[in-house]
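What follows is a single structure, written as structure tokens, with notes after it.
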Amino acid sequence: MTRFGRADLPPEQQRALRSAIRWEVFTICYTGVTIVLIALVVGGSQAMKTAWIEDMLSLIPQFAFLIALLFIRHPPSRGFPFGLHRVMGVGHLVAGVALLAVGGNLAVESAVGLISGEHPAIGTVRVLGHTIWLGWFMVAVMTVTIIGPFFYGNAKAKLAPVLHNKVLYADADMAKADWTTTVASIVGVLGVGLGFWWLDGGAALFISLGIIWDGYRNARAAVFDLIDQRARTHDDAEVHPLAEQIARSLERQSWVREAGVRMRDMGQVFHVEAFVVPRRDRVSTAKIDAARRAIAELDWKMQDVSIVVVTRLPEEVATAHAV
């Protein structure tokens, strides 16, 4: 895959995309194994059950990313004149809503168990003629499952800014925070073994609140992008600096007196509307087209660039002086 719609990917982005696909496939396989392992030892622990469901939910961003790639590579058409880049944002929103819904249900279930004083039961198993408490197997499995996220979480976090992919960034962020789920589930299981039954329900509630928080952040970011907030960086930390760069680039043109930019994030690429106040009433189409090409060459993410000649800049645009 070498294109996102109309945008040709530079070599660096092509390598990053291939790497991201491999990491997503690896994550799905790794998480599938951990889901099976946890299912074998989940027992009556509410914390283990919640961690198990959290693992299954963590597959959603990976599938959303891979499925969206099948769509966004298609160029714009008459039916979809802006391309299909929003599919990535839709996948981001679906992941967020799913996490919110399931996390909320788990939180209620955990809270009810705590309030009602429900005591979890963790039994024993026979292994090679010895009776062993099942909780030790739970702790062992959860300790092993945390190894993978440290590796692929950091790898995806490095790839997300290169591809300007918020789904990949959210996936990496969730993976890097997986250790909290593991520690909480281990504390809950050991708490039951020590006679502190409420630690299991408390751990389950803590894990479910983490799922709700992940869902809220993902859903909020996806909704804001889908309703065309000002384009921001891959982690939503700040306004994307390209808006200021475009405005400065235009104002360096000899025929431009003032310029402003309205830029929306289409998923992994940008749609740019540049408003220009010319120094003279007449401007040649050649100059306008040259300015458009100059903007498109600033960054590979420039999917669509339009230049509008106006007598006064709209109030909502970003300028080189006040972004």
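A note on labels: chains of the structure tokens are A, B, ... as shown, every chain counts residues from 1, and ligands are counted from 1 in their shown order.
Using only C-alpha atoms, the contacts of Met142 (chain A) at a cut-off of 8 Å, with sequence neighbours closer than 4 positions omitted, comprise Ile38, Met138, Ile146, Thr182, Ser185 and Ile186 of chain A.
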Step one, run DSSP on the backbone; step two, keep only residues of region 142-233 of chain A assigned to alpha helix (DSSP H); then write them as a compact mmCIF listing (two decimals) with N, CA and C atoms, in the first residue's frame.
# COMPACT_ATOMS: atom_id res chain seq x y z
N MET A 142 -1.31 -13.67 34.42
CA MET A 142 -1.37 -12.22 34.28
C MET A 142 0.03 -11.60 34.23
N THR A 143 0.96 -12.20 34.92
CA THR A 143 2.34 -11.70 34.88
C THR A 143 2.95 -11.89 33.49
N VAL A 144 2.65 -13.03 32.87
CA VAL A 144 3.18 -13.32 31.54
C VAL A 144 2.54 -12.43 30.48
N THR A 145 1.25 -12.16 30.61
CA THR A 145 0.53 -11.42 29.57
C THR A 145 0.98 -9.96 29.45
N ILE A 147 4.00 -8.85 29.26
CA ILE A 147 5.27 -8.71 28.55
C ILE A 147 5.07 -8.09 27.16
N GLY A 148 4.13 -8.63 26.40
CA GLY A 148 3.91 -8.16 25.03
C GLY A 148 3.59 -6.69 24.88
N PRO A 149 2.62 -6.16 25.67
CA PRO A 149 2.23 -4.75 25.51
C PRO A 149 3.38 -3.76 25.67
N PHE A 150 4.38 -4.08 26.49
CA PHE A 150 5.52 -3.18 26.64
C PHE A 150 6.26 -3.01 25.32
N PHE A 151 6.37 -4.10 24.56
CA PHE A 151 7.08 -4.05 23.29
C PHE A 151 6.26 -3.40 22.19
N TYR A 152 5.04 -3.95 21.93
CA TYR A 152 4.28 -3.41 20.81
C TYR A 152 3.64 -2.07 21.13
N GLY A 153 3.44 -1.76 22.41
CA GLY A 153 2.93 -0.44 22.77
C GLY A 153 3.92 0.66 22.41
N ASN A 154 5.17 0.45 22.78
CA ASN A 154 6.21 1.44 22.47
C ASN A 154 6.45 1.54 20.96
N ALA A 155 6.41 0.40 20.27
CA ALA A 155 6.64 0.40 18.82
C ALA A 155 5.55 1.20 18.10
N LYS A 156 4.30 0.99 18.47
CA LYS A 156 3.20 1.71 17.83
C LYS A 156 3.23 3.20 18.17
N ALA A 157 3.65 3.52 19.39
CA ALA A 157 3.73 4.93 19.79
C ALA A 157 4.72 5.70 18.93
N LYS A 158 5.78 5.03 18.46
CA LYS A 158 6.76 5.67 17.59
C LYS A 158 6.24 5.80 16.16
N LEU A 159 5.38 4.87 15.74
CA LEU A 159 4.86 4.88 14.37
C LEU A 159 3.68 5.84 14.19
N ALA A 160 2.90 6.05 15.25
CA ALA A 160 1.69 6.87 15.15
C ALA A 160 1.96 8.29 14.65
N PRO A 161 2.97 9.02 15.17
CA PRO A 161 3.21 10.38 14.65
C PRO A 161 3.72 10.39 13.22
N VAL A 162 4.44 9.35 12.82
CA VAL A 162 4.95 9.28 11.45
C VAL A 162 3.80 9.16 10.46
N LEU A 163 2.77 8.41 10.84
CA LEU A 163 1.60 8.20 9.98
C LEU A 163 0.46 9.16 10.29
N LYS A 166 -4.44 8.50 14.63
CA LYS A 166 -4.92 8.58 16.00
C LYS A 166 -5.40 7.25 16.53
N VAL A 167 -5.87 6.37 15.65
CA VAL A 167 -6.27 5.03 16.09
C VAL A 167 -5.05 4.26 16.56
N LEU A 168 -3.97 4.35 15.82
CA LEU A 168 -2.73 3.67 16.18
C LEU A 168 -2.18 4.25 17.49
N TYR A 169 -2.27 5.56 17.64
CA TYR A 169 -1.78 6.18 18.88
C TYR A 169 -2.62 5.73 20.08
N ALA A 170 -3.95 5.71 19.92
CA ALA A 170 -4.82 5.27 21.01
C ALA A 170 -4.55 3.81 21.37
N ASP A 171 -4.32 2.99 20.36
CA ASP A 171 -3.99 1.58 20.58
C ASP A 171 -2.70 1.46 21.38
N ALA A 172 -1.69 2.24 21.00
CA ALA A 172 -0.41 2.21 21.70
C ALA A 172 -0.56 2.69 23.14
N ASP A 173 -1.34 3.74 23.33
CA ASP A 173 -1.54 4.30 24.66
C ASP A 173 -2.23 3.30 25.57
N MET A 174 -3.22 2.59 25.04
CA MET A 174 -3.92 1.57 25.82
C MET A 174 -2.99 0.41 26.16
N ALA A 175 -2.14 0.03 25.21
CA ALA A 175 -1.22 -1.09 25.45
C ALA A 175 -0.22 -0.74 26.54
N LYS A 176 0.29 0.49 26.50
CA LYS A 176 1.29 0.89 27.49
C LYS A 176 0.69 1.00 28.89
N ASP A 178 -1.58 -1.13 30.01
CA ASP A 178 -2.08 -2.45 30.37
C ASP A 178 -1.51 -2.97 31.69
N TRP A 179 -0.35 -2.46 32.07
CA TRP A 179 0.25 -2.95 33.32
C TRP A 179 -0.64 -2.64 34.52
N THR A 180 -1.43 -1.56 34.45
CA THR A 180 -2.32 -1.23 35.57
C THR A 180 -3.40 -2.29 35.71
N THR A 181 -3.91 -2.79 34.58
CA THR A 181 -4.90 -3.86 34.62
C THR A 181 -4.30 -5.11 35.25
N THR A 182 -3.08 -5.44 34.84
CA THR A 182 -2.42 -6.63 35.36
C THR A 182 -2.19 -6.54 36.86
N VAL A 183 -1.65 -5.40 37.31
CA VAL A 183 -1.39 -5.23 38.74
C VAL A 183 -2.69 -5.28 39.53
N ALA A 184 -3.73 -4.62 39.01
CA ALA A 184 -5.02 -4.61 39.72
C ALA A 184 -5.59 -6.02 39.84
N SER A 185 -5.52 -6.80 38.76
CA SER A 185 -6.07 -8.16 38.81
C SER A 185 -5.27 -9.04 39.76
N ILE A 186 -3.94 -8.87 39.78
CA ILE A 186 -3.11 -9.66 40.71
C ILE A 186 -3.42 -9.29 42.16
N VAL A 187 -3.56 -8.00 42.43
CA VAL A 187 -3.91 -7.55 43.78
C VAL A 187 -5.26 -8.11 44.20
N GLY A 188 -6.23 -8.11 43.28
CA GLY A 188 -7.54 -8.66 43.60
C GLY A 188 -7.50 -10.14 43.93
N VAL A 189 -6.76 -10.91 43.15
CA VAL A 189 -6.65 -12.35 43.37
C VAL A 189 -5.94 -12.65 44.69
N LEU A 190 -4.81 -11.98 44.92
CA LEU A 190 -4.07 -12.20 46.16
C LEU A 190 -4.88 -11.74 47.37
N GLY A 191 -5.69 -10.69 47.18
CA GLY A 191 -6.54 -10.23 48.26
C GLY A 191 -7.53 -11.30 48.70
N VAL A 192 -8.11 -11.99 47.74
CA VAL A 192 -9.03 -13.09 48.06
C VAL A 192 -8.30 -14.17 48.83
N GLY A 193 -7.07 -14.48 48.39
CA GLY A 193 -6.29 -15.52 49.07
C GLY A 193 -5.97 -15.15 50.51
N TRP A 198 -13.06 -8.15 49.42
CA TRP A 198 -13.47 -6.92 48.73
C TRP A 198 -12.42 -6.40 47.77
N LEU A 199 -11.16 -6.85 47.92
CA LEU A 199 -10.11 -6.41 47.00
C LEU A 199 -10.38 -6.88 45.57
N ASP A 200 -11.00 -8.04 45.43
CA ASP A 200 -11.30 -8.55 44.10
C ASP A 200 -12.31 -7.65 43.39
N GLY A 201 -13.39 -7.31 44.09
CA GLY A 201 -14.39 -6.41 43.51
C GLY A 201 -13.84 -5.02 43.27
N GLY A 202 -12.98 -4.56 44.21
CA GLY A 202 -12.37 -3.25 44.04
C GLY A 202 -11.45 -3.20 42.83
N ALA A 203 -10.69 -4.28 42.62
CA ALA A 203 -9.81 -4.36 41.46
C ALA A 203 -10.62 -4.38 40.17
N ALA A 204 -11.73 -5.13 40.19
CA ALA A 204 -12.60 -5.19 39.00
C ALA A 204 -13.17 -3.81 38.69
N LEU A 205 -13.56 -3.09 39.73
CA LEU A 205 -14.11 -1.74 39.53
C LEU A 205 -13.03 -0.81 38.98
N PHE A 206 -11.81 -0.93 39.50
CA PHE A 206 -10.70 -0.10 39.02
C PHE A 206 -10.42 -0.37 37.54
N ILE A 207 -10.41 -1.63 37.15
CA ILE A 207 -10.16 -2.00 35.76
C ILE A 207 -11.27 -1.47 34.85
N SER A 208 -12.51 -1.62 35.29
CA SER A 208 -13.64 -1.17 34.46
C SER A 208 -13.65 0.35 34.32
N LEU A 209 -13.24 1.07 35.36
CA LEU A 209 -13.14 2.53 35.25
C LEU A 209 -12.05 2.92 34.25
N GLY A 210 -10.98 2.14 34.19
CA GLY A 210 -9.94 2.37 33.19
C GLY A 210 -10.47 2.18 31.78
N ILE A 211 -11.33 1.15 31.61
CA ILE A 211 -11.94 0.90 30.30
C ILE A 211 -12.84 2.07 29.91
N ILE A 212 -13.62 2.57 30.89
CA ILE A 212 -14.50 3.71 30.62
C ILE A 212 -13.69 4.94 30.21
N TRP A 213 -12.57 5.17 30.90
CA TRP A 213 -11.73 6.33 30.58
C TRP A 213 -11.15 6.21 29.17
N ASP A 214 -10.68 5.02 28.82
CA ASP A 214 -10.18 4.81 27.46
C ASP A 214 -11.28 5.05 26.43
N GLY A 215 -12.48 4.56 26.73
CA GLY A 215 -13.60 4.74 25.81
C GLY A 215 -13.97 6.20 25.65
N TYR A 216 -13.98 6.92 26.76
CA TYR A 216 -14.32 8.36 26.71
C TYR A 216 -13.31 9.13 25.87
N ARG A 217 -12.03 8.89 26.11
CA ARG A 217 -11.00 9.61 25.36
C ARG A 217 -11.06 9.32 23.87
N ASN A 218 -11.25 8.04 23.53
CA ASN A 218 -11.31 7.67 22.12
C ASN A 218 -12.56 8.23 21.45
N ALA A 219 -13.71 8.09 22.10
CA ALA A 219 -14.96 8.58 21.51
C ALA A 219 -14.93 10.10 21.36
N ARG A 220 -14.43 10.78 22.37
CA ARG A 220 -14.37 12.25 22.33
C ARG A 220 -13.47 12.72 21.18
N ALA A 221 -12.28 12.12 21.06
CA ALA A 221 -11.36 12.52 20.00
C ALA A 221 -11.95 12.25 18.62
N ALA A 222 -12.61 11.09 18.47
CA ALA A 222 -13.19 10.73 17.18
C ALA A 222 -14.34 11.67 16.80
N VAL A 223 -15.20 11.98 17.76
CA VAL A 223 -16.34 12.87 17.49
C VAL A 223 -15.85 14.25 17.09
N PHE A 224 -14.86 14.78 17.81
CA PHE A 224 -14.35 16.12 17.51
C PHE A 224 -13.76 16.18 16.10
N ASP A 225 -13.08 15.11 15.69
CA ASP A 225 -12.52 15.09 14.33
C ASP A 225 -13.63 14.97 13.29
N LEU A 226 -14.64 14.17 13.58
CA LEU A 226 -15.72 13.95 12.61
C LEU A 226 -16.59 15.20 12.44
What's the 10 Å shell around Val317 (chain A), counting only C-alpha atoms, without same-chain residues fewer than 5 positions away, as a ChimeraX atom specification? /A:230,243,247,259-263,273-275,322-323
Residues of region 154-318 of chain A in strand (DSSP E) according to DSSP, as an MDAnalysis selection string? chainID A and resid 256:265 270:278 302:309 318
Between A:Met302, A:Ala7, A:Ser284, A:Gln229, which has the minimum distance to Pro76 (chain A) (counting only C-alpha atoms)?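 When distances to Pro76 (chain A) are compared using only C-alpha atoms, the smallest one comes from A:Ala7.
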Residues within 6 Å of Arg86 (chain A), please, as a list in words. Count only C-alpha atoms; anything in the same chain fewer than 2 positions from it doesn't count.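 Here the answer would be Leu84, Met88, Gly89, Met266 and Gly267 of chain A.
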Export of the given selection (N, CA and C atoms) as a short mmCIF file (atom, residue, chain, number, x, y, z; two decimals), in the first residue's frame:
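Heads up, here's the output in selection.cif:
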data_model
loop_
_atom_site.label_atom_id
_atom_site.label_comp_id
_atom_site.auth_asym_id
_atom_site.auth_seq_id
_atom_site.Cartn_x
_atom_site.Cartn_y
_atom_site.Cartn_z
N LEU A 84 -12.38 8.27 1.16
CA LEU A 84 -12.97 7.48 2.24
C LEU A 84 -12.13 7.55 3.52
N MET A 88 -11.42 5.79 8.93
CA MET A 88 -10.51 5.65 10.06
C MET A 88 -11.11 6.30 11.30
N GLY A 89 -11.73 7.46 11.13
CA GLY A 89 -12.37 8.14 12.24
C GLY A 89 -13.59 7.38 12.75
N MET A 266 -8.92 14.67 8.03
CA MET A 266 -9.78 13.69 7.38
C MET A 266 -9.53 12.26 7.86
N GLY A 267 -8.59 12.10 8.75
CA GLY A 267 -8.26 10.76 9.23
C GLY A 267 -6.77 10.61 9.35
#
Nearest residue to Ala64 (chain A) from the set A:Asn165, A:Ala291, A:Phe80, A:Leu37 (distances using only C-alpha atoms):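 Ranking A:Asn165, A:Ala291, A:Phe80, A:Leu37 by distance to Ala64 (chain A), first place goes to A:Asn165.
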Can you list, as number ranges by chain, every protein, DNA or RNA residue that comes within 7 Å of Ser45 (chain A) when you count only C-alpha atoms, leaving out same-chain residues fewer than 2 positions away? A: 42-43, 47-49, 120-122, 189, 200
When you look at Gln62 (chain A) with a cut-off of 8 Å (counting only C-alpha atoms), what residues show up, excluding the ones that are within fewer than 2 positions of it in the same chain? I need them as JSON, numbers by chain. {"A": [24, 25, 27, 28, 58, 59, 60, 64, 65, 66, 168, 171]}
Could you write out that same residue set with C-alpha atoms as a PDB file, in the first residue's frame?
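Output saved as out23.pdb:
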ATOM      1  CA  GLU A  24      -1.224  -4.933  14.553  1.00  0.00           C
ATOM      2  CA  VAL A  25      -1.320  -8.511  13.233  1.00  0.00           C
ATOM      3  CA  THR A  27      -0.949  -7.850  18.594  1.00  0.00           C
ATOM      4  CA  ILE A  28      -4.088  -9.664  17.473  1.00  0.00           C
ATOM      5  CA  SER A  58      -8.450  -4.255  23.246  1.00  0.00           C
ATOM      6  CA  LEU A  59      -8.725  -6.080  19.898  1.00  0.00           C
ATOM      7  CA  ILE A  60     -11.172  -3.486  18.549  1.00  0.00           C
ATOM      8  CA  ALA A  64     -10.519  -0.929  13.175  1.00  0.00           C
ATOM      9  CA  PHE A  65      -7.090   0.127  11.906  1.00  0.00           C
ATOM     10  CA  LEU A  66      -6.633  -2.819   9.526  1.00  0.00           C
ATOM     11  CA  LEU A 168      -2.730   3.674  16.179  1.00  0.00           C
ATOM     12  CA  ASP A 171      -3.995   1.582  20.577  1.00  0.00           C
TER      13      ASP A 171
END
Just checking: using only C-alpha atoms, which residue out of A:Cys29, A:Val239, A:Leu313, A:Val272 ends up closest to Lys301 (chain A)? A:Val272
Looking at only C-alpha atoms, which of A:Leu69, A:Leu134, A:Val90, A:Leu250 is the one that sits closest to Ala20 (chain A)?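 Nearest candidate to Ala20 (chain A) out of A:Leu69, A:Leu134, A:Val90, A:Leu250: A:Leu69.
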Given only C-alpha atoms as the basis, pick out the residue of A:Ile227, A:Val36, A:Val276, A:Leu298 nearest to Gln245 (chain A).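 Going through A:Ile227, A:Val36, A:Val276, A:Leu298 one by one, the smallest distance to Gln245 (chain A) is for A:Leu298.
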